[in-house]
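Notes for the one structure printed next.
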Amino acid sequence: MKALLIAEKPSLRREIETVYKKHKSEIPYEITFMEQRGHLLTLKNPTELDDTLKKWDWDTLPIHPEEYGGWQYKTISEKKTGKFLTSQERFEAIKKELNSGEYDFVINAGDPDQEGELLIRIVLSALRNKLPVKRYWTNALTEEKILEALKNLRDDDREPELVHLLDAAYARQHSDWRFGMNISRAATLKMGARCACGRVKTPILSIVCKREKEIANFVPSSCYGVKALYAEGFEGQLFDEGAEAESEEKDDAQKGLIWFDTEDEANDLIKSLSSPAKVVKYESKREESYAPKLFKLATAQIAAGKLGYNSAQTLEIIQSLYEKGYLSYPRTDCEYIASGENLKACLKSASSISEFKPFIDSITGPTIGKVLHTKKWVNDEKLKESGHSAIIPTEKRPDFESLTEDEQKIYKLVCKQFVAIFLPPLIQNKTVLISEIDGNTFKSAGKTLIDEGYTKIFNKKFEDMVVPEHSEGDILDVNSFETVVKTTTCPKRYTDASLTAACENPVKYTEDASLKGIMKKLKIGTPATRASIIQELIEKDKYLAVTKEKKAQYIVPTPAGMIIYDNLKDCGICKVDMTGEWEEQLESIRTGKLDLKDFESSMMKDVASMVDEIKALSVTALRGNREKICDCPKCGGDIFEGPKGFFCSNYKEKGCGVGGYKLASIYKKPLSKDEMIPLLEGKTIKKTMSKNGNDWEQEIIYNFDENKIDFVKSEKPDREHVQMEESEWYCPKCGEPLQESEKIIKCRCGFKLFKTTCGHTLTEDEIDSFFSNGTTGIIRGLVGKSGKSFDAEFVLNKDKTGSEFKFEERS
């Protein structure tokens, strides 16, 4: 018998082929190997289904491919690069082999998951394949597991589990198309400009826009607690033991604490307290906690965000390390590894990082055996459900120094998470003391470190909070009582990493309480596709933008993105709930409880209803990625709001420069259209400014002569605040970004570099050299106080507070 094996990925083809050649005599059929290299086909757009759909019109909505000849695919358009075959060429090559008459069956070697099932089956379907299809099914890359899978191929045509999995894959793909194409057209027609919508894209936009509105509407509030300061040097806070069990606080020390709405209420209680405290409960227990779970792609992306990488960059780097054979498959949603994994070899690979070697040398055989029997990390059942293992180092050991800097950082990140699971647990002693004072209870929570265990590899720091040992009935002297203030903090904008985390755990964004149980298992998008969708929202659609605050980069909605959200926020496409409802139905398809045809029929009704809903909306018109806020007071043109600022429509034709930046670093919050409009009306407004940690209210006015926003001079603003801007250089003393004006570069730690000294103004190259090399290089013709000329270098002084001269004698 002869089989044609089609592998989804070149790397998988190589692994299978290597094992096949070695064990050819054990396999009862001959194999010819081909590789598909991921996606070959994509669904056709509406305009490719029928010429009548080229015009966007309400009368053509909703569009259902079933009414235009069914779901149709086309090969993905690619340019020829070097020796690599294009999608069309790979498609034709597979077609040629299928039609050769040489094979008895086909082996589908796609990834062992829902998407992997679909990618090769749609190619076989498009080629009208008549041969039986067998399924190669394993996520392990060990020789033993690959050989086992080749000997035990599954029936891809008849096994209910695989048939239902393929149905679920079709259901997801068709629904994504059905909603994306129809809702995008409906929203575009309604808003008057291109509006791209999607099942994943629009909920992500919604999450970011909601957060921006929370920030804009945030008003801080304070509540007040009561604290007892004991003579023994520790403290307790007023609390209600009955409320402790119902508290949603994650920190045990905060559970059950009592807070008053006003400080007067807290002070009134303090006035009534006079007696010493009596201990009514004392508990001390030893707690052990083990290393966290291994990385899946999403958690690796979140962790890499702390190193400055966005999700797309992290995926790209892990993919590079995977293709070099150093890391396992990157596009995984699984946090577990197989019991057959050669952990000793993987640890040997991780020891290529010298700082991990002492940890790895301490790991014994029994420790490895214990890990293999710990379901937190090793779980064959979970692995079978997912299709891929957690991201870990492979048996192939790299030359760590030969990796790029980015690869080194990410490889180190993954190896650290992996090695940690073999290390001892963190051991802490936690104590709770409850005292009573005049019928009021106070809680003291303590924590002391016994053994840092696995946290040592993460360089985690601990600070002991000691509560002395006591017995029930002991009397504690109280030195004094104080009020404790807790003030709400403004929500933070999303970073790429925190947005990824929100998509991984979207339960708090659901509105339907009945879905919360489902949503705990579900995500918005997949780790493999989510990063590209976020990038598309930023770079292509321009509904989101990236803004830099200090060293962090935050994701914010553009005016266009906010208009789309405001228009669609009450529609299903904008809600996380819809994803939950879909996933519930897709799970029913996977388990055979729901028929694909019934699901498709339901989706057709839902999209028709949503199109009607959008058609009936009252919306704000969308003008590309800009919104008119008022008429230009200078030339009569339109003043538009863009992602970064305000500008006049006659900027190019008439050279009108009226406008201003929204994101000036001195503004505590971006300049809003509600602030810009009165400025352009000639009014003076107050705005909160922030510099070097100092906030102040500043009157500002628009300067029509110079087309810029000025401080009102009567306020006598601090000149440093007016002139200092964040520079591109970092302080050689403390590492913080330096502030720059026309005359000086300085830091709040005390570092200063004057730009003009001894008759010479430093050039950009000289300043760059100073901060890069510690010297400007020789500068000739400097003039001293006496008028005498000399040559010298500006060098960093010993205490790194500024510069000093390093002289060179003139010949």
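The way I read the labels, and the way they are meant: chains A, B, ... in the order of the structure tokens, residue 1 as the first residue of every chain, and ligand 1 as the first ligand shown, with later ones counted on from there.
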field: DSSP helix (DSSP H, G or I) residues within range 697-782 of chain A, as a ChimeraX atom specification
entry: /A:713-715,719-723,764-773
Selected residues, C-alpha atoms, written as a CSV table (one decimal), in the first residue's frame, please.
```csv
chain,number,residue,atom,x,y,z
A,713,LYS,CA,1.7,84.6,31.3
A,714,SER,CA,-0.1,86.1,34.3
A,715,GLU,CA,0.1,82.7,35.9
A,719,ARG,CA,10.0,78.2,33.5
A,720,GLU,CA,11.4,74.7,33.9
A,721,HIS,CA,7.9,73.3,33.3
A,722,VAL,CA,7.4,75.4,30.3
A,723,GLN,CA,10.7,74.6,28.5
A,764,GLU,CA,23.9,66.5,18.5
A,765,ASP,CA,26.8,64.2,17.6
A,766,GLU,CA,28.8,65.4,20.5
A,767,ILE,CA,25.9,65.0,22.9
A,768,ASP,CA,25.3,61.5,21.6
A,769,SER,CA,29.0,60.6,22.1
A,770,PHE,CA,28.9,62.0,25.6
A,771,PHE,CA,26.0,59.8,26.6
A,772,SER,CA,27.2,56.7,24.7
A,773,ASN,CA,30.9,56.9,25.4
```
task: Mind the document's chain letters and residue numbers, and return as a ChimeraX atom specification the residues of range 429-647 of chain A that DSSP labels strand (DSSP E).
output: /A:429-437,440-451,475-476,478-487,544-549,552-557,627-631,638-641,645-647
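Nearest to Ile94 in chain A of all the residues A:Trp137, A:Phe295, A:Tyr651, A:Phe33 is A:Phe33, based on only C-alpha atoms.
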How close does range 340-380 of chain A get to range 395-408 of chain A? List, as a tab-separated table, each residue of range 340-380 of chain A within 10 Å, its nearest atom pair and the distance in Å to one decimal, counting only C-alpha atoms.
```
residue	atom	partner	partner_atom	distance
A:Glu341	CA	A:Glu395	CA	9.5
A:Asn342	CA	A:Glu395	CA	7.5
A:Leu343	CA	A:Glu395	CA	8.3
A:Lys344	CA	A:Glu395	CA	8.6
A:Ala345	CA	A:Glu395	CA	5.1
A:Cys346	CA	A:Glu395	CA	4.8
A:Leu347	CA	A:Glu395	CA	8.1
A:Lys348	CA	A:Arg397	CA	7.1
A:Ser349	CA	A:Arg397	CA	4.1
A:Ala350	CA	A:Arg397	CA	7.3
A:Ser351	CA	A:Arg397	CA	8.5
A:Ser352	CA	A:Phe400	CA	6.0
A:Ile353	CA	A:Phe400	CA	6.5
A:Ser354	CA	A:Phe400	CA	9.1
```
Would you put the residues from that selection into a file with N, CA and C atoms, as a short mmCIF file (atom, residue, chain, number, x, y, z; two decimals), in the first residue's frame?
```cif
data_model
loop_
_atom_site.label_atom_id
_atom_site.label_comp_id
_atom_site.auth_asym_id
_atom_site.auth_seq_id
_atom_site.Cartn_x
_atom_site.Cartn_y
_atom_site.Cartn_z
N GLU A 341 7.86 13.07 27.76
CA GLU A 341 8.86 14.08 27.41
C GLU A 341 10.20 13.75 28.07
N ASN A 342 11.28 13.92 27.31
CA ASN A 342 12.63 13.68 27.85
C ASN A 342 13.08 14.94 28.62
N LEU A 343 12.64 15.04 29.86
CA LEU A 343 12.89 16.25 30.64
C LEU A 343 14.37 16.45 30.96
N LYS A 344 15.09 15.36 31.12
CA LYS A 344 16.52 15.47 31.43
C LYS A 344 17.26 16.14 30.27
N ALA A 345 16.89 15.77 29.05
CA ALA A 345 17.53 16.36 27.86
C ALA A 345 17.12 17.83 27.72
N CYS A 346 15.87 18.13 28.04
CA CYS A 346 15.41 19.52 27.96
C CYS A 346 16.13 20.40 28.98
N LEU A 347 16.36 19.85 30.17
CA LEU A 347 17.11 20.58 31.20
C LEU A 347 18.56 20.81 30.77
N LYS A 348 19.12 19.84 30.08
CA LYS A 348 20.49 19.99 29.57
C LYS A 348 20.56 21.14 28.57
N SER A 349 19.52 21.27 27.76
CA SER A 349 19.47 22.39 26.80
C SER A 349 19.39 23.72 27.55
N ALA A 350 18.56 23.76 28.60
CA ALA A 350 18.42 24.99 29.38
C ALA A 350 19.70 25.38 30.10
N SER A 351 20.56 24.39 30.37
CA SER A 351 21.83 24.69 31.06
C SER A 351 22.82 25.41 30.16
N SER A 352 22.45 25.62 28.88
CA SER A 352 23.29 26.43 27.99
C SER A 352 23.32 27.88 28.47
N ILE A 353 22.37 28.23 29.35
CA ILE A 353 22.36 29.56 29.98
C ILE A 353 23.10 29.42 31.29
N SER A 354 24.27 30.01 31.37
CA SER A 354 25.18 29.76 32.49
C SER A 354 24.56 30.05 33.85
#
```
field: Polymer residues at most 10 Å from Ala149 in chain A, only C-alpha atoms, same-chain spacing of 4 or more positions, as JSON, numbers by chain
entry: {"A": [16, 135, 136, 137, 138, 139, 140, 144, 145, 153, 154]}
- request: Give me the residues within 6 Å of Gly637 in chain A as a PyMOL selection string, counting only C-alpha atoms and dropping any in the same chain fewer than 3 places off.
  value: chain A and resi 631-632+649-650
Using the selection just defined, write its residues with all heavy atoms as a PDB file, in the first residue's frame.
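Saved the output as result-v9.pdb:
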```pdb
ATOM      1  N   ASP A 631     -15.493  74.764  12.877  1.00  0.00           N
ATOM      2  CA  ASP A 631     -14.947  75.511  11.746  1.00  0.00           C
ATOM      3  C   ASP A 631     -13.647  76.188  12.167  1.00  0.00           C
ATOM      4  O   ASP A 631     -13.476  76.583  13.320  1.00  0.00           O
ATOM      5  CB  ASP A 631     -15.935  76.583  11.283  1.00  0.00           C
ATOM      6  CG  ASP A 631     -17.201  75.978  10.701  1.00  0.00           C
ATOM      7  OD1 ASP A 631     -17.106  74.872  10.134  1.00  0.00           O
ATOM      8  OD2 ASP A 631     -18.263  76.599  10.840  1.00  0.00           O
ATOM      9  N   CYS A 632     -12.737  76.328  11.196  1.00  0.00           N
ATOM     10  CA  CYS A 632     -11.478  77.014  11.493  1.00  0.00           C
ATOM     11  C   CYS A 632     -11.750  78.519  11.650  1.00  0.00           C
ATOM     12  O   CYS A 632     -12.296  79.150  10.741  1.00  0.00           O
ATOM     13  CB  CYS A 632     -10.470  76.779  10.369  1.00  0.00           C
ATOM     14  SG  CYS A 632      -8.896  77.654  10.622  1.00  0.00           S
ATOM     15  N   SER A 649      -8.390  71.576   7.606  1.00  0.00           N
ATOM     16  CA  SER A 649      -8.518  70.915   6.302  1.00  0.00           C
ATOM     17  C   SER A 649      -7.798  71.682   5.197  1.00  0.00           C
ATOM     18  O   SER A 649      -7.486  71.121   4.153  1.00  0.00           O
ATOM     19  CB  SER A 649     -10.000  70.756   5.932  1.00  0.00           C
ATOM     20  OG  SER A 649     -10.635  72.028   5.879  1.00  0.00           O
ATOM     21  N   ASN A 650      -7.530  72.978   5.426  1.00  0.00           N
ATOM     22  CA  ASN A 650      -6.839  73.790   4.418  1.00  0.00           C
ATOM     23  C   ASN A 650      -5.332  73.858   4.652  1.00  0.00           C
ATOM     24  O   ASN A 650      -4.661  74.762   4.174  1.00  0.00           O
ATOM     25  CB  ASN A 650      -7.421  75.210   4.397  1.00  0.00           C
ATOM     26  CG  ASN A 650      -8.801  75.239   3.775  1.00  0.00           C
ATOM     27  OD1 ASN A 650      -9.080  74.468   2.857  1.00  0.00           O
ATOM     28  ND2 ASN A 650      -9.670  76.114   4.277  1.00  0.00           N
TER      29      ASN A 650
END
```
